[in-house]
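Just query_35.pdb here, PDB, C-alpha atoms, pLDDT in the B column:
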ATOM      1  CA  MET A  28      24.686  11.105   2.647  1.00 82.00           C
ATOM      2  CA  LYS A  29      25.642  13.615   5.343  1.00 88.00           C
ATOM      3  CA  ASN A  30      23.896  16.974   5.418  1.00 92.00           C
ATOM      4  CA  LYS A  31      23.584  20.197   7.419  1.00 93.00           C
ATOM      5  CA  LEU A  32      19.811  20.240   7.421  1.00 95.00           C
ATOM      6  CA  LYS A  33      19.480  19.829  11.183  1.00 94.00           C
ATOM      7  CA  VAL A  34      21.901  22.703  11.842  1.00 95.00           C
ATOM      8  CA  LEU A  35      20.227  25.004   9.319  1.00 96.00           C
ATOM      9  CA  ARG A  36      16.811  24.199  10.753  1.00 95.00           C
ATOM     10  CA  ALA A  37      17.989  24.746  14.345  1.00 94.00           C
ATOM     11  CA  GLU A  38      19.503  28.113  13.387  1.00 94.00           C
ATOM     12  CA  ARG A  39      16.065  29.254  12.318  1.00 94.00           C
ATOM     13  CA  GLY A  40      14.312  27.705  15.297  1.00 94.00           C
ATOM     14  CA  TRP A  41      12.086  25.554  13.119  1.00 95.00           C
ATOM     15  CA  SER A  42      10.729  22.190  14.164  1.00 94.00           C
ATOM     16  CA  GLN A  43      10.824  19.223  11.781  1.00 94.00           C
ATOM     17  CA  ALA A  44       7.085  19.655  11.273  1.00 92.00           C
ATOM     18  CA  VAL A  45       7.499  23.330  10.338  1.00 95.00           C
ATOM     19  CA  LEU A  46      10.297  22.545   7.888  1.00 96.00           C
ATOM     20  CA  GLY A  47       8.174  19.742   6.472  1.00 95.00           C
ATOM     21  CA  GLU A  48       5.324  22.197   5.888  1.00 93.00           C
ATOM     22  CA  LYS A  49       7.658  24.667   4.165  1.00 95.00           C
ATOM     23  CA  LEU A  50       8.967  21.927   1.870  1.00 96.00           C
ATOM     24  CA  ASP A  51       5.576  20.231   1.447  1.00 93.00           C
ATOM     25  CA  VAL A  52       6.818  16.915   2.821  1.00 94.00           C
ATOM     26  CA  SER A  53       6.066  14.945   5.996  1.00 92.00           C
ATOM     27  CA  ARG A  54       7.867  15.238   9.327  1.00 91.00           C
ATOM     28  CA  GLN A  55       9.005  11.635   8.859  1.00 90.00           C
ATOM     29  CA  SER A  56      10.710  12.643   5.615  1.00 93.00           C
ATOM     30  CA  ILE A  57      12.612  15.484   7.291  1.00 95.00           C
ATOM     31  CA  ASN A  58      13.670  13.133  10.054  1.00 92.00           C
ATOM     32  CA  ALA A  59      14.831  10.500   7.575  1.00 92.00           C
ATOM     33  CA  ILE A  60      16.841  13.081   5.581  1.00 94.00           C
ATOM     34  CA  GLU A  61      18.411  14.625   8.682  1.00 93.00           C
ATOM     35  CA  SER A  62      19.444  11.252  10.068  1.00 89.00           C
ATOM     36  CA  GLY A  63      20.920  10.246   6.712  1.00 88.00           C
ATOM     37  CA  ARG A  64      18.522   7.325   6.275  1.00 89.00           C
ATOM     38  CA  TYR A  65      17.101   8.835   3.118  1.00 92.00           C
ATOM     39  CA  ASP A  66      18.670  10.902   0.354  1.00 94.00           C
ATOM     40  CA  PRO A  67      16.217  13.373  -1.131  1.00 95.00           C
ATOM     41  CA  SER A  68      15.451  13.492  -4.833  1.00 96.00           C
ATOM     42  CA  LEU A  69      17.086  16.225  -6.911  1.00 95.00           C
ATOM     43  CA  PRO A  70      13.899  18.377  -7.030  1.00 96.00           C
ATOM     44  CA  LEU A  71      13.589  18.174  -3.222  1.00 97.00           C
ATOM     45  CA  ALA A  72      17.299  18.916  -2.768  1.00 96.00           C
ATOM     46  CA  PHE A  73      16.860  22.037  -4.944  1.00 96.00           C
ATOM     47  CA  LYS A  74      13.824  23.052  -2.900  1.00 96.00           C
ATOM     48  CA  ILE A  75      15.836  22.685   0.330  1.00 97.00           C
ATOM     49  CA  ALA A  76      18.733  24.668  -1.143  1.00 96.00           C
ATOM     50  CA  ARG A  77      16.407  27.457  -2.288  1.00 96.00           C
ATOM     51  CA  LEU A  78      14.687  27.600   1.122  1.00 97.00           C
ATOM     52  CA  PHE A  79      17.997  28.058   2.924  1.00 96.00           C
ATOM     53  CA  ALA A  80      19.482  30.213   0.124  1.00 95.00           C
ATOM     54  CA  GLN A  81      22.495  27.953  -0.212  1.00 95.00           C
ATOM     55  CA  ALA A  82      23.973  25.735  -2.896  1.00 94.00           C
ATOM     56  CA  ILE A  83      23.054  22.035  -2.800  1.00 94.00           C
ATOM     57  CA  GLU A  84      26.685  21.022  -2.277  1.00 92.00           C
ATOM     58  CA  ASP A  85      26.905  23.351   0.729  1.00 92.00           C
ATOM     59  CA  ILE A  86      24.060  21.484   2.417  1.00 95.00           C
ATOM     60  CA  PHE A  87      24.700  17.931   1.247  1.00 93.00           C
ATOM     61  CA  GLU A  88      27.999  16.141   1.399  1.00 88.00           C
ATOM     62  CA  ASP A  89      28.544  13.008  -0.665  1.00 79.00           C
ATOM     63  CA  GLY A  90      31.871  12.177   0.972  1.00 73.00           C
ATOM     64  CA  GLU A  91      33.700  12.310  -2.357  1.00 68.00           C
ATOM     65  CA  THR A  92      35.259  15.742  -1.914  1.00 58.00           C
TER
ATOM     66  CA  MET B  29      -1.231  16.603   0.622  1.00 77.00           C
ATOM     67  CA  THR B  30      -0.438  15.226   4.098  1.00 81.00           C
ATOM     68  CA  GLU B  31      -0.289  11.507   4.854  1.00 82.00           C
ATOM     69  CA  LYS B  32      -3.434  11.836   6.971  1.00 86.00           C
ATOM     70  CA  GLN B  33      -5.409  13.399   4.110  1.00 89.00           C
ATOM     71  CA  ALA B  34      -4.129  10.797   1.638  1.00 91.00           C
ATOM     72  CA  LEU B  35      -5.003   8.018   4.093  1.00 92.00           C
ATOM     73  CA  SER B  36      -8.491   9.404   4.555  1.00 93.00           C
ATOM     74  CA  ARG B  37      -9.014   9.476   0.765  1.00 94.00           C
ATOM     75  CA  TYR B  38      -7.624   5.930   0.564  1.00 94.00           C
ATOM     76  CA  TYR B  39     -10.051   4.592   3.194  1.00 95.00           C
ATOM     77  CA  LYS B  40     -13.019   6.226   1.450  1.00 95.00           C
ATOM     78  CA  ILE B  41     -12.463   3.889  -1.502  1.00 95.00           C
ATOM     79  CA  SER B  42     -10.702   0.882   0.007  1.00 94.00           C
ATOM     80  CA  LEU B  43     -13.076   0.180   2.917  1.00 96.00           C
ATOM     81  CA  PRO B  44     -16.271   0.057   0.797  1.00 96.00           C
ATOM     82  CA  ALA B  45     -14.343  -1.961  -1.831  1.00 95.00           C
ATOM     83  CA  MET B  46     -13.230  -4.424   0.863  1.00 93.00           C
ATOM     84  CA  ALA B  47     -16.811  -4.699   2.145  1.00 96.00           C
ATOM     85  CA  LEU B  48     -18.035  -5.273  -1.429  1.00 95.00           C
ATOM     86  CA  TYR B  49     -15.343  -7.955  -1.863  1.00 92.00           C
ATOM     87  CA  ILE B  50     -16.415  -9.891   1.241  1.00 92.00           C
ATOM     88  CA  ILE B  51     -20.165  -9.491   0.696  1.00 94.00           C
ATOM     89  CA  SER B  52     -20.023 -10.389  -3.000  1.00 92.00           C
ATOM     90  CA  ILE B  53     -17.940 -13.515  -2.351  1.00 90.00           C
ATOM     91  CA  ALA B  54     -20.391 -14.606   0.354  1.00 91.00           C
ATOM     92  CA  ALA B  55     -23.341 -13.846  -1.955  1.00 90.00           C
ATOM     93  CA  ALA B  56     -21.757 -15.684  -4.897  1.00 88.00           C
ATOM     94  CA  VAL B  57     -21.092 -18.768  -2.742  1.00 87.00           C
ATOM     95  CA  TRP B  58     -24.651 -18.601  -1.429  1.00 85.00           C
ATOM     96  CA  ALA B  59     -26.016 -18.284  -4.981  1.00 81.00           C
ATOM     97  CA  ARG B  60     -23.811 -21.127  -6.266  1.00 80.00           C
ATOM     98  CA  ASP B  61     -24.996 -23.416  -3.473  1.00 79.00           C
ATOM     99  CA  GLY B  62     -28.542 -22.294  -4.205  1.00 71.00           C
ATOM    100  CA  MET B  63     -28.217 -23.424  -7.801  1.00 67.00           C
ATOM    101  CA  ILE B  64     -27.127 -26.879  -6.628  1.00 62.00           C
ATOM    102  CA  THR B  65     -29.225 -27.372  -3.479  1.00 60.00           C
ATOM    103  CA  SER B  66     -32.922 -27.560  -4.113  1.00 54.00           C
ATOM    104  CA  GLU B  67     -33.885 -26.480  -0.576  1.00 58.00           C
ATOM    105  CA  SER B  68     -32.222 -23.094  -0.793  1.00 59.00           C
ATOM    106  CA  VAL B  69     -34.020 -19.804  -1.153  1.00 57.00           C
ATOM    107  CA  PHE B  70     -32.060 -18.856  -4.272  1.00 62.00           C
ATOM    108  CA  ASN B  71     -33.162 -22.023  -6.028  1.00 63.00           C
ATOM    109  CA  PHE B  72     -36.754 -21.475  -4.973  1.00 58.00           C
ATOM    110  CA  TRP B  73     -36.635 -17.878  -6.203  1.00 60.00           C
ATOM    111  CA  SER B  74     -34.912 -18.746  -9.479  1.00 61.00           C
ATOM    112  CA  GLN B  75     -37.283 -21.560 -10.455  1.00 65.00           C
ATOM    113  CA  GLY B  76     -38.680 -20.894 -13.886  1.00 65.00           C
ATOM    114  CA  ASN B  77     -36.319 -17.945 -14.308  1.00 70.00           C
ATOM    115  CA  LEU B  78     -32.949 -19.671 -14.584  1.00 69.00           C
ATOM    116  CA  GLY B  79     -31.533 -17.333 -17.250  1.00 72.00           C
ATOM    117  CA  PHE B  80     -32.038 -14.289 -15.032  1.00 74.00           C
ATOM    118  CA  ALA B  81     -30.678 -16.132 -11.987  1.00 74.00           C
ATOM    119  CA  ARG B  82     -27.570 -17.100 -13.960  1.00 77.00           C
ATOM    120  CA  ALA B  83     -27.041 -13.476 -15.035  1.00 81.00           C
ATOM    121  CA  ILE B  84     -27.189 -12.402 -11.381  1.00 82.00           C
ATOM    122  CA  TYR B  85     -24.799 -15.179 -10.453  1.00 84.00           C
ATOM    123  CA  TYR B  86     -22.267 -14.089 -13.106  1.00 87.00           C
ATOM    124  CA  ALA B  87     -22.594 -10.502 -11.888  1.00 89.00           C
ATOM    125  CA  LEU B  88     -21.915 -11.674  -8.321  1.00 89.00           C
ATOM    126  CA  VAL B  89     -18.851 -13.603  -9.489  1.00 90.00           C
ATOM    127  CA  LEU B  90     -17.510 -10.465 -11.209  1.00 94.00           C
ATOM    128  CA  MET B  91     -18.122  -8.224  -8.171  1.00 94.00           C
ATOM    129  CA  PRO B  92     -15.038  -9.338  -6.146  1.00 93.00           C
ATOM    130  CA  ILE B  93     -12.847  -8.660  -9.197  1.00 93.00           C
ATOM    131  CA  ILE B  94     -14.295  -5.151  -9.508  1.00 95.00           C
ATOM    132  CA  ALA B  95     -13.754  -4.663  -5.757  1.00 95.00           C
ATOM    133  CA  LEU B  96     -10.131  -5.805  -6.072  1.00 93.00           C
ATOM    134  CA  CYS B  97      -9.592  -3.349  -8.953  1.00 95.00           C
ATOM    135  CA  GLY B  98     -11.075  -0.616  -6.732  1.00 95.00           C
ATOM    136  CA  MET B  99      -8.690  -1.488  -3.908  1.00 93.00           C
ATOM    137  CA  ALA B 100      -5.724  -1.527  -6.288  1.00 93.00           C
ATOM    138  CA  TRP B 101      -6.699   1.855  -7.742  1.00 95.00           C
ATOM    139  CA  ALA B 102      -7.172   3.352  -4.240  1.00 96.00           C
ATOM    140  CA  HIS B 103      -3.714   2.137  -3.248  1.00 94.00           C
ATOM    141  CA  TRP B 104      -2.156   3.465  -6.454  1.00 95.00           C
ATOM    142  CA  ARG B 105      -3.725   6.882  -5.847  1.00 95.00           C
ATOM    143  CA  PHE B 106      -2.637   6.798  -2.178  1.00 95.00           C
ATOM    144  CA  ILE B 107       0.972   6.141  -3.182  1.00 95.00           C
ATOM    145  CA  THR B 108       0.984   8.955  -5.752  1.00 94.00           C
ATOM    146  CA  GLU B 109      -0.378  11.397  -3.147  1.00 94.00           C
ATOM    147  CA  LEU B 110       2.365  10.742  -0.592  1.00 94.00           C
ATOM    148  CA  ASP B 111       5.696  12.522  -0.429  1.00 94.00           C
ATOM    149  CA  GLU B 112       8.759  10.766  -1.844  1.00 95.00           C
ATOM    150  CA  TYR B 113      10.013   9.202   1.423  1.00 95.00           C
ATOM    151  CA  LEU B 114       6.629   7.779   2.443  1.00 94.00           C
ATOM    152  CA  ARG B 115       6.139   6.615  -1.151  1.00 95.00           C
ATOM    153  CA  MET B 116       9.458   4.775  -0.967  1.00 95.00           C
ATOM    154  CA  ILE B 117       8.261   2.947   2.177  1.00 94.00           C
ATOM    155  CA  GLN B 118       5.056   1.922   0.386  1.00 94.00           C
ATOM    156  CA  ILE B 119       6.999   0.717  -2.655  1.00 96.00           C
ATOM    157  CA  LYS B 120       9.318  -1.327  -0.437  1.00 95.00           C
ATOM    158  CA  GLY B 121       6.217  -2.914   1.110  1.00 95.00           C
ATOM    159  CA  LEU B 122       4.702  -3.664  -2.291  1.00 95.00           C
ATOM    160  CA  LEU B 123       7.978  -5.156  -3.466  1.00 96.00           C
ATOM    161  CA  PHE B 124       8.182  -7.371  -0.385  1.00 96.00           C
ATOM    162  CA  GLY B 125       4.562  -8.479  -0.915  1.00 96.00           C
ATOM    163  CA  LEU B 126       5.371  -9.270  -4.549  1.00 96.00           C
ATOM    164  CA  LEU B 127       8.431 -11.295  -3.531  1.00 97.00           C
ATOM    165  CA  CYS B 128       6.263 -13.198  -1.033  1.00 96.00           C
ATOM    166  CA  ILE B 129       3.747 -14.253  -3.688  1.00 95.00           C
ATOM    167  CA  LEU B 130       6.506 -15.124  -6.172  1.00 96.00           C
ATOM    168  CA  SER B 131       8.199 -17.308  -3.549  1.00 96.00           C
ATOM    169  CA  VAL B 132       4.972 -18.974  -2.418  1.00 94.00           C
ATOM    170  CA  ALA B 133       3.702 -19.533  -5.975  1.00 94.00           C
ATOM    171  CA  THR B 134       7.002 -20.957  -7.234  1.00 95.00           C
ATOM    172  CA  GLY B 135       7.734 -22.920  -4.048  1.00 94.00           C
ATOM    173  CA  TRP B 136       4.254 -24.391  -3.797  1.00 93.00           C
ATOM    174  CA  GLY B 137       4.258 -25.159  -7.537  1.00 92.00           C
ATOM    175  CA  MET B 138       7.429 -27.194  -7.175  1.00 93.00           C
ATOM    176  CA  ILE B 139       6.155 -28.981  -4.050  1.00 92.00           C
ATOM    177  CA  GLU B 140       2.919 -29.707  -5.884  1.00 91.00           C
ATOM    178  CA  MET B 141       4.801 -31.188  -8.827  1.00 90.00           C
ATOM    179  CA  LEU B 142       7.408 -33.174  -6.874  1.00 94.00           C
ATOM    180  CA  LEU B 143       5.399 -34.300  -3.847  1.00 93.00           C
ATOM    181  CA  ARG B 144       2.001 -34.446  -5.573  1.00 85.00           C
ATOM    182  CA  LEU B 145       0.349 -32.178  -3.032  1.00 87.00           C
ATOM    183  CA  PRO B 146      -3.045 -30.574  -3.758  1.00 89.00           C
ATOM    184  CA  ALA B 147      -3.047 -27.384  -5.857  1.00 88.00           C
ATOM    185  CA  LEU B 148      -3.055 -24.108  -3.955  1.00 87.00           C
ATOM    186  CA  PRO B 149      -6.067 -22.041  -5.080  1.00 89.00           C
ATOM    187  CA  VAL B 150      -4.606 -18.942  -6.758  1.00 88.00           C
ATOM    188  CA  PHE B 151      -6.923 -16.554  -4.937  1.00 86.00           C
ATOM    189  CA  TRP B 152      -4.776 -17.131  -1.832  1.00 90.00           C
ATOM    190  CA  LEU B 153      -2.057 -15.087  -3.534  1.00 91.00           C
ATOM    191  CA  VAL B 154      -3.935 -11.845  -2.772  1.00 89.00           C
ATOM    192  CA  PRO B 155      -4.060 -12.347   1.035  1.00 91.00           C
ATOM    193  CA  ILE B 156      -0.450 -13.595   0.962  1.00 94.00           C
ATOM    194  CA  PHE B 157       0.561 -10.432  -0.926  1.00 94.00           C
ATOM    195  CA  TRP B 158      -1.180  -8.122   1.573  1.00 92.00           C
ATOM    196  CA  LEU B 159       0.230 -10.097   4.504  1.00 95.00           C
ATOM    197  CA  GLY B 160       3.755  -9.690   3.141  1.00 95.00           C
ATOM    198  CA  PHE B 161       3.082  -6.018   2.461  1.00 95.00           C
ATOM    199  CA  SER B 162       1.733  -5.413   5.999  1.00 95.00           C
ATOM    200  CA  ILE B 163       4.635  -7.225   7.684  1.00 95.00           C
ATOM    201  CA  SER B 164       7.134  -5.194   5.682  1.00 94.00           C
ATOM    202  CA  ILE B 165       5.414  -1.840   6.356  1.00 93.00           C
ATOM    203  CA  GLY B 166       5.072  -2.747  10.050  1.00 92.00           C
ATOM    204  CA  PHE B 167       8.763  -3.571  10.236  1.00 90.00           C
ATOM    205  CA  ILE B 168       9.821  -0.291   8.561  1.00 88.00           C
ATOM    206  CA  LYS B 169       7.444   1.781  10.727  1.00 84.00           C
ATOM    207  CA  ALA B 170       8.697   0.018  13.880  1.00 85.00           C
ATOM    208  CA  LYS B 171      12.245   0.971  12.899  1.00 80.00           C
ATOM    209  CA  ASP B 172      11.082   4.572  12.369  1.00 76.00           C
ATOM    210  CA  ARG B 173       9.312   4.606  15.735  1.00 70.00           C
ATOM    211  CA  GLY B 174      12.646   4.145  17.462  1.00 62.00           C
ATOM    212  CA  ILE B 175      13.735   7.539  16.164  1.00 62.00           C
ATOM    213  CA  THR B 176      12.694  10.549  18.182  1.00 58.00           C
ATOM    214  CA  TYR B 177      11.029  13.353  16.310  1.00 58.00           C
ATOM    215  CA  GLU B 178      11.942  16.864  17.236  1.00 61.00           C
ATOM    216  CA  GLU B 179       9.193  19.366  17.904  1.00 55.00           C
TER
END
Could the structure of this file be written out as structure tokens, please?
Amino acid sequence: MKNKLKVLRAERGWSQAVLGEKLDVSRQSINAIESGRYDPSLPLAFKIARLFAQAIEDIFEDGET
Amino acid sequence: MTEKQALSRYYKISLPAMALYIISIAAAVWARDGMITSESVFNFWSQGNLGFARAIYYALVLMPIIALCGMAWAHWRFITELDEYLRMIQIKGLLFGLLCILSVATGWGMIEMLLRLPALPVFWLVPIFWLGFSISIGFIKAKDRGITYEE
């Protein structure tokens, strides 16, 4: 699944480690999500959306729309 | 909890459990041989007190099982303490280990039946499981290592 996580993170000047700390997940997890190798669970997707004050569908793209 | 903290908690249980596993197996083998061989120290010590010696022997035989349960519990706790992505990697590893023992057990069972080969002692399934698990985790981590992390 494509996502804008890398862009949103870069806009704020955060490293993957910093974002990981904010979301309470590892740096490896952030890297896997950003590179599209791993799709986060719904609770984590909500957490990401809340952190960036955006809707889930604005951050994640399932390619259906 | 970070992976490092979870790993540290895992080692605190798993390493002593692994040591207990090895030592208790060695002690149980030594005690078993002592019960058979008259020259051994165990036999000398247990003379006239066979009931007590047997109780110790049974306890020694149970020790590796307790150690294995300890290792399994430590791993279970480790997995629950990781974040969802790292947990998924662990579960993939466990699944691969499980598939390894299913393949070996079924394959060897058929070979045993059709070619009349000696029976494979079932305790080998545990090392085969952990070998499969380690190979799988190593492979996934090696794939991850190829990806650059951004600071």
Subject >> Residue list for chain A near chain B as an MDAnalysis selection string, 8 Å, all atoms listed in the file >> reply: chainID A and resid 42:44 51:56 58:59 65 67:68
Original post:
Quick one: distance from CA of Leu69 in chain A to CA of Ile86 in chain A in Å, one decimal?
Top reply: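 CA of Ile86 in chain A lies at a distance of 12.8 Å from CA of Leu69 in chain A.
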**OP:** Would you mind reading off the distance between CA of Ile41 in chain B and CA of Trp101 in chain B, one decimal, in Å?
**Re:**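 Taking CA of Ile41 in chain B as the start and CA of Trp101 in chain B as the end point, the length is 8.7 Å.
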**OP:** Would you kindly translate the PyMOL selection byres ((chain B and resi 128-142) around 9) into the concrete residues it picks from this file, as number ranges by chain?
**Re:** B: 123-127, 143-148, 150, 153-154, 156-157, 159-161
Original post:
Between CA of Lys120 in chain B and CA of Ser164 in chain B, what is the spacing in Å?
Top reply: 7.6 Å
Original post:
Hey, what comes out of the PyMOL selection byres ((chain A and resi 87) around 7) on this file? Could you write it as a list in words?
Top reply: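 Written out, the selection comes to Met28, Lys29, Asn30, Lys31, Ile83, Glu84, Asp85, Ile86, Glu88 and Asp89 of chain A.
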I'd like to see the residues matched by the PyMOL selection byres ((chain B and resi 95) around 8) on this file, and ideally I'd get them as a PDB file with C-alpha atoms, keeping the file's coordinate frame.
ATOM      1  CA  ALA B  45     -14.343  -1.961  -1.831  1.00 95.00           C
ATOM      2  CA  MET B  46     -13.230  -4.424   0.863  1.00 93.00           C
ATOM      3  CA  LEU B  48     -18.035  -5.273  -1.429  1.00 95.00           C
ATOM      4  CA  TYR B  49     -15.343  -7.955  -1.863  1.00 92.00           C
ATOM      5  CA  MET B  91     -18.122  -8.224  -8.171  1.00 94.00           C
ATOM      6  CA  PRO B  92     -15.038  -9.338  -6.146  1.00 93.00           C
ATOM      7  CA  ILE B  93     -12.847  -8.660  -9.197  1.00 93.00           C
ATOM      8  CA  ILE B  94     -14.295  -5.151  -9.508  1.00 95.00           C
ATOM      9  CA  LEU B  96     -10.131  -5.805  -6.072  1.00 93.00           C
ATOM     10  CA  CYS B  97      -9.592  -3.349  -8.953  1.00 95.00           C
ATOM     11  CA  GLY B  98     -11.075  -0.616  -6.732  1.00 95.00           C
ATOM     12  CA  MET B  99      -8.690  -1.488  -3.908  1.00 93.00           C
TER      13      MET B  99
END
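Shortest atom-to-atom contact with Phe79 in chain A among A:Ile57, A:Val45, A:Leu35, A:Leu50: A:Leu35, counting all atoms listed in the file.
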Determine the axis-aligned bounding box of all atoms of range 117-126 of chain B present in the file, pad each side by 3 Å, and express its centre and edge lengths in Å to one decimal place as AutoDock Vina command-line options.
--center_x 6.9 --center_y -3.2 --center_z -1.2 --size_x 10.8 --size_y 18.2 --size_z 12.7
